[in-house]
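J.: Contents of structure29.tsv (TSV, C-alpha atoms) are given next:
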chain	number	residue	atom	x	y	z
A	667	MET	CA	14.12	15.65	24.66
A	668	LEU	CA	11.26	13.23	24.14
A	669	ASN	CA	10.80	9.58	25.15
A	670	VAL	CA	9.22	7.65	22.27
A	671	THR	CA	7.75	4.17	21.98
A	672	GLY	CA	6.15	2.37	19.08
A	673	ASP	CA	6.32	-0.64	16.79
A	674	PHE	CA	8.17	-1.36	13.57
A	675	SER	CA	5.89	-3.20	11.17
A	676	ARG	CA	5.24	-3.44	7.45
A	677	ALA	CA	1.97	-1.49	7.54
A	678	SER	CA	0.96	1.64	9.40
A	679	THR	CA	-1.43	1.19	12.33
A	680	GLY	CA	-0.94	4.58	14.00
A	681	PHE	CA	1.63	7.12	15.13
A	682	LEU	CA	5.11	5.52	15.33
A	683	ALA	CA	3.54	2.19	14.42
A	684	GLY	CA	4.64	1.20	10.94
A	685	PRO	CA	7.67	0.90	8.65
A	686	PRO	CA	10.91	2.81	9.37
A	687	GLY	CA	10.11	5.39	6.69
A	688	GLN	CA	6.97	6.37	8.59
A	689	TRP	CA	8.99	6.81	11.79
A	690	VAL	CA	11.42	9.06	9.92
A	691	GLU	CA	8.70	11.40	8.68
A	692	GLU	CA	6.88	11.55	12.01
A	693	LEU	CA	9.99	12.17	14.13
A	694	ALA	CA	11.27	14.75	11.67
A	695	GLY	CA	7.90	16.45	11.92
A	696	LEU	CA	8.21	16.65	15.71
A	697	THR	CA	11.61	18.27	15.34
A	698	LEU	CA	10.52	20.76	12.71
A	699	GLU	CA	7.20	21.67	14.34
A	700	HIS	CA	8.05	21.50	18.04
A	701	GLY	CA	11.83	21.89	18.25
A	702	ILE	CA	12.57	18.47	19.76
A	703	THR	CA	16.25	17.65	19.25
A	704	THR	CA	16.69	14.35	21.10
A	705	PHE	CA	14.56	11.21	20.92
A	706	VAL	CA	15.00	8.44	23.52
A	707	LEU	CA	13.67	5.07	22.35
A	708	GLY	CA	11.88	3.26	25.16
A	709	SER	CA	12.65	-0.32	24.14
A	710	ASP	CA	14.94	-3.18	25.09
A	711	GLU	CA	14.14	-5.17	21.93
A	712	PRO	CA	17.41	-5.64	19.99
A	713	ARG	CA	15.87	-5.50	16.51
A	714	ALA	CA	13.95	-2.29	17.30
A	715	ILE	CA	17.09	-0.67	18.72
A	716	GLN	CA	19.07	-1.67	15.64
A	717	ILE	CA	16.49	-0.28	13.20
A	718	PHE	CA	16.17	2.93	15.22
A	719	ALA	CA	19.93	3.49	15.41
A	720	GLN	CA	20.97	2.39	11.93
A	721	GLU	CA	18.03	3.47	9.80
A	722	VAL	CA	15.68	5.88	11.52
A	723	ALA	CA	18.05	8.24	13.36
A	724	PRO	CA	20.36	9.01	10.39
A	725	ALA	CA	17.40	9.47	8.05
A	726	VAL	CA	15.69	11.86	10.49
A	727	ARG	CA	18.84	14.00	10.64
A	728	GLU	CA	19.06	14.10	6.85
A	729	LEU	CA	15.39	14.92	6.41
A	730	VAL	CA	15.47	17.72	8.99
A	731	ALA	CA	18.63	19.18	7.42
A	732	ALA	CA	17.10	19.05	3.95
A	733	GLU	CA	13.86	20.66	5.14
A	734	ARG	CA	15.69	23.49	6.87
A	735	THR	CA	17.84	24.30	3.85
A	736	ALA	CA	15.38	23.73	1.01
A	737	PRO	CA	13.36	26.69	-0.28
A	738	GLY	CA	9.70	26.02	0.18
A	739	GLY	CA	10.76	23.06	2.28
A	740	ALA	CA	7.53	21.33	3.28
A	741	ALA	CA	7.48	19.09	0.24
A	742	VAL	CA	10.79	17.50	1.21
A	743	ALA	CA	9.27	15.72	4.16
A	744	GLN	CA	6.80	13.94	1.91
A	745	GLN	CA	9.39	12.33	-0.38
A	746	ALA	CA	9.85	8.58	-0.22
A	747	PRO	CA	13.21	7.51	1.18
A	748	ALA	CA	15.66	6.74	-1.63
A	749	ALA	CA	17.59	4.08	0.26
A	750	LEU	CA	16.19	0.65	1.05
A	751	ALA	CA	15.27	0.83	4.74
A	752	VAL	CA	15.09	-2.92	5.35
A	753	THR	CA	17.80	-4.73	7.31
A	754	PRO	CA	18.40	-8.40	6.44
A	755	THR	CA	18.89	-10.58	9.50
A	756	PRO	CA	22.55	-11.44	10.07
A	757	ASP	CA	23.72	-15.04	10.24
A	758	PRO	CA	24.47	-15.84	13.91
A	759	GLY	CA	27.76	-17.40	12.77
A	760	VAL	CA	27.65	-20.14	15.42
A	761	ARG	CA	27.20	-23.76	14.36
A	762	LEU	CA	25.89	-26.32	16.85
A	763	SER	CA	26.30	-29.42	14.69
A	764	THR	CA	29.46	-30.93	13.22
A	765	ARG	CA	27.57	-31.84	10.04
A	766	ARG	CA	27.53	-29.53	7.00
A	767	LEU	CA	24.86	-30.17	4.40
A	768	TRP	CA	26.10	-27.50	2.00
A	769	ASP	CA	29.17	-25.39	1.34
A	770	GLU	CA	28.30	-21.79	2.22
A	771	THR	CA	31.34	-20.50	0.31
A	772	THR	CA	29.79	-21.64	-2.98
A	773	ARG	CA	26.62	-19.61	-2.57
A	774	PRO	CA	26.13	-17.19	-5.48
A	775	SER	CA	25.35	-13.52	-4.93
A	776	ALA	CA	22.63	-11.40	-6.50
A	777	PRO	CA	23.72	-8.71	-8.96
A	778	PRO	CA	24.01	-5.20	-7.52
A	779	PRO	CA	20.88	-3.01	-7.66
A	780	PRO	CA	20.64	-0.15	-10.15
A	781	ALA	CA	22.51	2.93	-8.96
A	782	GLY	CA	20.26	5.57	-7.47
A	783	HIS	CA	17.13	3.43	-7.43
A	784	VAL	CA	14.33	4.93	-5.31
A	785	TYR	CA	12.31	2.45	-3.28
A	786	PRO	CA	8.69	3.58	-2.75
A	787	PRO	CA	6.87	2.69	0.48
A	788	ARG	CA	5.14	-0.26	-1.20
A	789	GLY	CA	8.51	-1.62	-2.30
A	790	GLN	CA	9.93	-1.14	1.17
A	791	ALA	CA	6.99	-3.12	2.57
A	792	ALA	CA	7.57	-5.98	0.11
A	793	GLY	CA	11.19	-6.31	1.18
A	794	GLN	CA	10.29	-6.11	4.87
A	795	HIS	CA	7.57	-8.71	4.44
A	796	LEU	CA	10.07	-11.45	3.65
A	797	VAL	CA	11.90	-10.65	6.90
A	798	ASP	CA	8.58	-10.77	8.77
A	799	VAL	CA	7.76	-14.21	7.34
A	800	HIS	CA	11.22	-15.46	8.27
A	801	ASP	CA	10.79	-14.12	11.79
A	802	HIS	CA	7.77	-16.40	12.11
A	803	LEU	CA	9.92	-19.38	11.10
A	804	ARG	CA	12.63	-18.36	13.56
A	805	GLN	CA	9.97	-18.34	16.27
A	806	GLU	CA	8.96	-21.86	15.25
A	807	LEU	CA	12.58	-22.95	15.49
A	808	ALA	CA	12.64	-21.69	19.06
A	809	GLN	CA	9.51	-23.81	19.67
A	810	VAL	CA	11.27	-26.89	18.28
A	811	ARG	CA	14.24	-26.36	20.58
A	812	ASP	CA	11.87	-25.87	23.51
A	813	LEU	CA	10.13	-29.14	22.58
A	814	LEU	CA	13.50	-30.88	22.71
A	815	ASP	CA	14.06	-29.60	26.23
A	816	GLN	CA	10.58	-30.69	27.28
A	817	VAL	CA	11.02	-34.19	25.83
A	818	THR	CA	14.40	-34.48	27.56
A	819	ARG	CA	12.80	-33.51	30.88
A	820	GLY	CA	9.88	-35.86	30.32
A	821	ALA	CA	7.39	-33.01	30.35
A	822	VAL	CA	6.25	-33.90	26.79
A	823	SER	CA	6.15	-37.35	25.21
A	824	PRO	CA	7.80	-37.96	21.82
A	825	GLY	CA	4.33	-38.44	20.37
A	826	GLY	CA	3.19	-35.11	21.76
A	827	ALA	CA	6.26	-33.44	20.28
A	828	ARG	CA	5.51	-34.99	16.88
A	829	ALA	CA	1.96	-33.67	17.03
A	830	ALA	CA	3.27	-30.16	17.77
A	831	LEU	CA	5.82	-30.40	14.95
A	832	ASN	CA	3.11	-31.44	12.48
A	833	GLU	CA	1.19	-28.24	13.23
A	834	MET	CA	4.14	-25.95	12.45
A	835	THR	CA	4.49	-24.14	9.17
A	836	MET	CA	7.97	-25.51	8.61
A	837	ARG	CA	6.56	-29.05	8.53
A	838	GLN	CA	3.47	-28.35	6.47
A	839	ASN	CA	4.76	-26.25	3.59
A	840	ASN	CA	7.35	-28.44	1.85
A	841	TRP	CA	9.83	-25.56	2.13
A	842	THR	CA	8.96	-23.60	-0.95
A	843	LEU	CA	8.85	-19.85	-0.51
A	844	GLY	CA	5.51	-19.63	-2.26
A	845	ALA	CA	3.93	-22.21	0.02
A	846	TYR	CA	4.53	-20.42	3.29
A	847	CYS	CA	3.75	-17.10	1.66
A	848	ALA	CA	0.38	-18.53	0.65
A	849	ALA	CA	-0.35	-18.86	4.35
A	850	TYR	CA	1.57	-15.98	5.90
A	851	CYS	CA	2.47	-13.31	3.33
A	852	THR	CA	-0.54	-11.07	3.84
A	853	VAL	CA	0.67	-8.45	1.39
A	854	VAL	CA	0.70	-11.08	-1.33
A	855	THR	CA	-2.38	-13.15	-0.59
A	856	GLN	CA	-4.71	-10.16	-0.28
A	857	HIS	CA	-4.02	-9.32	-3.91
A	858	HIS	CA	-3.54	-12.55	-5.78
A	859	GLY	CA	-3.95	-15.74	-3.72
A	860	LEU	CA	-0.40	-16.62	-4.63
A	861	GLU	CA	0.26	-20.16	-5.85
A	862	ASP	CA	3.06	-22.10	-4.25
A	863	ALA	CA	5.74	-21.72	-6.88
A	864	SER	CA	5.10	-18.25	-8.32
A	865	ILE	CA	7.51	-15.92	-6.51
A	866	PHE	CA	10.80	-17.35	-7.71
A	867	PRO	CA	9.62	-17.63	-11.35
A	868	HIS	CA	8.46	-14.01	-11.14
A	869	LEU	CA	11.85	-12.82	-9.87
A	870	ARG	CA	13.60	-14.95	-12.49
A	871	ARG	CA	11.59	-13.26	-15.24
A	872	ALA	CA	12.14	-9.81	-13.73
A	873	ASP	CA	15.93	-10.17	-13.40
A	874	ALA	CA	17.74	-13.00	-15.19
A	875	GLY	CA	20.84	-12.27	-13.10
A	876	LEU	CA	19.06	-13.71	-10.05
A	877	ALA	CA	18.85	-17.21	-11.58
A	878	PRO	CA	21.91	-18.69	-9.79
A	879	VAL	CA	20.70	-17.36	-6.42
A	880	LEU	CA	17.17	-18.66	-6.96
A	881	ASP	CA	18.47	-22.07	-8.02
A	882	ARG	CA	20.59	-22.28	-4.87
A	883	LEU	CA	17.72	-21.19	-2.62
A	884	THR	CA	15.47	-23.84	-4.15
A	885	GLU	CA	18.10	-26.51	-3.50
A	886	GLU	CA	18.45	-25.39	0.11
A	887	HIS	CA	14.67	-25.49	0.60
A	888	VAL	CA	14.75	-29.20	-0.30
A	889	VAL	CA	17.64	-29.84	2.10
A	890	ILE	CA	15.90	-28.08	4.98
A	891	HIS	CA	12.70	-30.00	4.37
A	892	GLY	CA	14.73	-33.19	4.76
A	893	VAL	CA	16.24	-31.91	8.01
A	894	VAL	CA	12.78	-31.17	9.42
A	895	GLU	CA	11.76	-34.72	8.52
A	896	SER	CA	14.86	-36.02	10.32
A	897	VAL	CA	13.63	-34.38	13.53
A	898	ASP	CA	10.39	-36.30	13.19
A	899	ARG	CA	12.25	-39.57	12.53
A	900	ALA	CA	14.36	-38.99	15.63
A	901	LEU	CA	11.19	-38.61	17.68
A	902	VAL	CA	9.88	-41.91	16.30
A	903	GLU	CA	13.17	-43.64	17.13
A	904	LEU	CA	13.01	-42.21	20.66
A	905	ILE	CA	9.81	-44.16	21.25
A	906	GLY	CA	11.76	-47.38	20.68
A	907	ARG	CA	14.83	-46.19	22.58
A	908	PRO	CA	13.50	-44.10	25.45
A	909	GLY	CA	16.12	-42.09	27.26
A	910	ASP	CA	18.57	-41.86	24.33
A	911	PHE	CA	18.25	-38.26	23.12
A	912	THR	CA	21.44	-38.21	21.04
A	913	ALA	CA	19.82	-38.50	17.60
A	914	LEU	CA	17.08	-36.01	18.45
A	915	ARG	CA	19.50	-33.43	19.76
A	916	GLU	CA	21.73	-33.80	16.70
A	917	ALA	CA	18.74	-33.41	14.38
A	918	VAL	CA	17.51	-30.26	16.15
A	919	ASP	CA	21.00	-28.75	16.20
A	920	LEU	CA	21.36	-29.43	12.47
A	921	LEU	CA	17.97	-27.83	11.83
A	922	THR	CA	19.07	-24.76	13.79
A	923	ASP	CA	22.29	-24.43	11.79
A	924	THR	CA	20.72	-24.90	8.36
A	925	LEU	CA	17.59	-22.86	8.96
A	926	LEU	CA	19.22	-19.76	10.43
A	927	SER	CA	21.97	-19.82	7.80
A	928	HIS	CA	19.48	-20.20	4.96
A	929	LEU	CA	17.04	-17.54	6.10
A	930	SER	CA	19.83	-14.99	6.50
A	931	TYR	CA	21.29	-15.82	3.06
A	932	GLU	CA	17.89	-15.56	1.42
A	933	GLU	CA	17.19	-12.17	2.98
A	934	HIS	CA	20.57	-10.78	1.98
A	935	GLN	CA	20.03	-11.88	-1.63
A	936	ILE	CA	16.37	-11.19	-2.44
A	937	VAL	CA	15.03	-8.57	-0.02
A	938	GLU	CA	16.32	-5.87	-2.35
A	939	PRO	CA	14.98	-7.48	-5.57
A	940	LEU	CA	11.60	-7.95	-3.89
A	941	ALA	CA	11.61	-4.23	-3.04
A	942	ARG	CA	12.09	-3.48	-6.76
A	943	HIS	CA	9.96	-6.17	-8.37
A	944	GLY	CA	7.47	-7.23	-5.70
A	945	PHE	CA	6.18	-10.72	-5.02
A	946	PHE	CA	4.16	-10.89	-8.24
A	947	PRO	CA	3.81	-8.97	-11.54
A	948	GLY	CA	2.11	-5.62	-11.10
A	949	GLN	CA	2.42	-5.46	-7.29
A	950	LEU	CA	4.71	-2.41	-7.48
Take the structure from the file and write it as structure tokens.

T.:
Amino acid sequence: MLNVTGDFSRASTGFLAGPPGQWVEELAGLTLEHGITTFVLGSDEPRAIQIFAQEVAPAVRELVAAERTAPGGAAVAQQAPAALAVTPTPDPGVRLSTRRLWDETTRPSAPPPPAGHVYPPRGQAAGQHLVDVHDHLRQELAQVRDLLDQVTRGAVSPGGARAALNEMTMRQNNWTLGAYCAAYCTVVTQHHGLEDASIFPHLRRADAGLAPVLDRLTEEHVVIHGVVESVDRALVELIGRPGDFTALREAVDLLTDTLLSHLSYEEHQIVEPLARHGFFPGQL
């Protein structure tokens, strides 16, 4: 038995510090070379536990079994994982606001991927990168909700909260995928200096079946941008009506509902296409 710790990330920075596929190869190597049969993950981070249990552990078992039964075996451990080892973030399913700005039941779905498609490490990283960018926006949402609590307690003025909101990515980028990728998608910007509106057109050209999903995502980007602006308007109104936090709380709750729902939907629909086609022509 071996206690293991590390980090799941899109790029390798060391032993057990990188994408799930790297963890699979390195843990399988420990089993094959040193006879370790049980790995205990030293983490209380829910996402790490989920990736380890759902993706890494089963793949390690399969890789070890294949290596032990294959003649000449060593080459098996170097193969790229066939399955997409990226987990889209689930929708929390809880709605804080009574308002609904779109009908989630009318959202289109992406066409199924080609049967038996093999996702190389670079493709895996492209799919994971969208999740990483979204995680940044989820962190900003937590900051917005914390600002609401601070304004309610009087620890931050409405003007101070507006200044903080103006510095956040979700306020600056007009809610186009390309815009926030231009600032945060390292994998993309280090190759092409991506322009704001290039990712969706690229996916549309690569797979015409994605058009309904991309159209819906674009519409939702516009809606969310309006919701973010409504938070700012509520802060302005609070200056004229100090002590009445009703409008601000409703705006932040609506932002929470729409943002978390949208990010989850987007990941479930285009993480896999990004892993096949990349963020721009020629990336994969």

J.: Which residue, A:Tyr785, A:Phe681, A:Trp689, A:Phe718, has the smallest gap to Ala941 in chain A when you use all atoms listed in the file?

T.: A:Tyr785

J.: With only C-alpha atoms as the counted atoms, please give the residues lying no more than 8 Å from range 826-831 of chain A, apart from itself and same-chain residues fewer than 3 positions off, as a VMD selection string.

T.: chain A and resid 810 813 817 822 to 823 834 837 898 901

J.: For Glu903 in chain A, which residue among A:Ala751, A:Leu869, A:Val670, A:Ala917 is the nearest when counting all atoms listed in the file?

T.: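 Residue with the minimum atom-to-atom distance to Glu903 in chain A: A:Ala917.
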
J.: Determine the nearest neighbour of Thr755 in chain A from the options A:Leu880, A:Leu950, A:Val937, A:Leu921, counting only C-alpha atoms.

T.: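 Using only C-alpha atoms, the shortest distance to Thr755 in chain A belongs to A:Val937.
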
J.: Just want the 7 Å neighbourhood of range 702-707 of chain A, counted on only C-alpha atoms, with same-chain residues fewer than 2 positions away dropped. Output as a list in words.

T.: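 That gives Met667, Leu668, Asn669, Val670, Thr671, Leu696, Thr697, His700 and Ser709 of chain A.
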
J.: So which one's closest to Glu770 in chain A, A:Asn832, A:Asp757, A:Ala874, A:Asp798? Using only C-alpha atoms, please.

T.: A:Asp757

J.: Can you measure CA of Pro754 in chain A to CA of Glu711 in chain A for me? One decimal in Å is fine.

T.: 16.4 Å

J.: Find the residue from A:Gly701, A:Pro824, A:Pro686, A:Pro758 that sits nearest to Val897 in chain A; use all atoms listed in the file when measuring.

T.: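 Nearest to Val897 in chain A: A:Pro824.
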
J.: Around range 926-943 of chain A, with edges along x, y and z and 5 Å added on all six sides, what centre and edge lengths do you get, in Å to one decimal, as lines of an AutoDock Vina configuration file?

T.:
center_x = 16.0
center_y = -11.8
center_z = 1.0
size_x = 22.0
size_y = 26.7
size_z = 28.8

J.: Of the residues A:Gly680, A:Gly948, A:Pro878, A:Pro939, which is the one nearest to His783 in chain A, using all atoms listed in the file?

T.: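 Once distances to His783 in chain A are computed over all atoms listed in the file, the minimum belongs to A:Pro939.
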
J.: Extract, using only C-alpha atoms, all DNA, RNA and protein residues at most 9 Å from Ala776 in chain A, discarding same-chain residues fewer than 5 positions from it, and format them as a ChimeraX atom specification.

T.: /A:875-879,934-936,939

J.: By how many Å are CA of Gln790 in chain A and CA of Glu938 in chain A apart?

T.: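 For CA of Gln790 in chain A relative to CA of Glu938 in chain A, the distance reads 8.7 Å.
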
J.: Would you mind listing what lies within 6 Å of Gly684 in chain A as a list in words, with only C-alpha atoms counted and same-chain residues fewer than 2 positions away left out?

T.: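 Residues meeting the cut-off are Phe674, Ser675, Arg676, Ala677 and Ser678 of chain A.
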
J.: Mind pulling up the distance from CA of Leu682 in chain A to CA of Pro724 in chain A?

T.: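 A separation of 16.4 Å between them.
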
J.: Please return, as a PDB file with C-alpha atoms, in the coordinates of the input, all polymer residues that have at least one atom within 12 Å of the point (21.2, -28.4, 10.7); use all atoms listed in the file and the file's own coordinate frame.

T.:
ATOM      1  CA  VAL A 760      27.650 -20.140  15.420  1.00  0.00           C
ATOM      2  CA  ARG A 761      27.200 -23.760  14.360  1.00  0.00           C
ATOM      3  CA  LEU A 762      25.890 -26.320  16.850  1.00  0.00           C
ATOM      4  CA  SER A 763      26.300 -29.420  14.690  1.00  0.00           C
ATOM      5  CA  THR A 764      29.460 -30.930  13.220  1.00  0.00           C
ATOM      6  CA  ARG A 765      27.570 -31.840  10.040  1.00  0.00           C
ATOM      7  CA  ARG A 766      27.530 -29.530   7.000  1.00  0.00           C
ATOM      8  CA  LEU A 767      24.860 -30.170   4.400  1.00  0.00           C
ATOM      9  CA  TRP A 768      26.100 -27.500   2.000  1.00  0.00           C
ATOM     10  CA  LEU A 807      12.580 -22.950  15.490  1.00  0.00           C
ATOM     11  CA  GLU A 886      18.450 -25.390   0.110  1.00  0.00           C
ATOM     12  CA  VAL A 889      17.640 -29.840   2.100  1.00  0.00           C
ATOM     13  CA  ILE A 890      15.900 -28.080   4.980  1.00  0.00           C
ATOM     14  CA  HIS A 891      12.700 -30.000   4.370  1.00  0.00           C
ATOM     15  CA  GLY A 892      14.730 -33.190   4.760  1.00  0.00           C
ATOM     16  CA  VAL A 893      16.240 -31.910   8.010  1.00  0.00           C
ATOM     17  CA  VAL A 894      12.780 -31.170   9.420  1.00  0.00           C
ATOM     18  CA  GLU A 895      11.760 -34.720   8.520  1.00  0.00           C
ATOM     19  CA  SER A 896      14.860 -36.020  10.320  1.00  0.00           C
ATOM     20  CA  VAL A 897      13.630 -34.380  13.530  1.00  0.00           C
ATOM     21  CA  LEU A 914      17.080 -36.010  18.450  1.00  0.00           C
ATOM     22  CA  ARG A 915      19.500 -33.430  19.760  1.00  0.00           C
ATOM     23  CA  GLU A 916      21.730 -33.800  16.700  1.00  0.00           C
ATOM     24  CA  ALA A 917      18.740 -33.410  14.380  1.00  0.00           C
ATOM     25  CA  VAL A 918      17.510 -30.260  16.150  1.00  0.00           C
ATOM     26  CA  ASP A 919      21.000 -28.750  16.200  1.00  0.00           C
ATOM     27  CA  LEU A 920      21.360 -29.430  12.470  1.00  0.00           C
ATOM     28  CA  LEU A 921      17.970 -27.830  11.830  1.00  0.00           C
ATOM     29  CA  THR A 922      19.070 -24.760  13.790  1.00  0.00           C
ATOM     30  CA  ASP A 923      22.290 -24.430  11.790  1.00  0.00           C
ATOM     31  CA  THR A 924      20.720 -24.900   8.360  1.00  0.00           C
ATOM     32  CA  LEU A 925      17.590 -22.860   8.960  1.00  0.00           C
ATOM     33  CA  LEU A 926      19.220 -19.760  10.430  1.00  0.00           C
ATOM     34  CA  SER A 927      21.970 -19.820   7.800  1.00  0.00           C
ATOM     35  CA  HIS A 928      19.480 -20.200   4.960  1.00  0.00           C
TER      36      HIS A 928
END

J.: Residues within 8 Å of Phe945 in chain A, please, as number ranges by chain. Count all atoms listed in the file; anything in the same chain fewer than 4 positions from it doesn't count.

T.: A: 792, 854, 865, 868-869, 940, 949

J.: Let's have the selection written as a short mmCIF file (atom, residue, chain, number, x, y, z; two decimals), keeping the file's coordinate frame, with C-alpha atoms.

T.:
data_model
loop_
_atom_site.label_atom_id
_atom_site.label_comp_id
_atom_site.auth_asym_id
_atom_site.auth_seq_id
_atom_site.Cartn_x
_atom_site.Cartn_y
_atom_site.Cartn_z
CA ALA A 792 7.57 -5.98 0.11
CA VAL A 854 0.70 -11.08 -1.33
CA ILE A 865 7.51 -15.92 -6.51
CA HIS A 868 8.46 -14.01 -11.14
CA LEU A 869 11.85 -12.82 -9.87
CA LEU A 940 11.60 -7.95 -3.89
CA GLN A 949 2.42 -5.46 -7.29
#
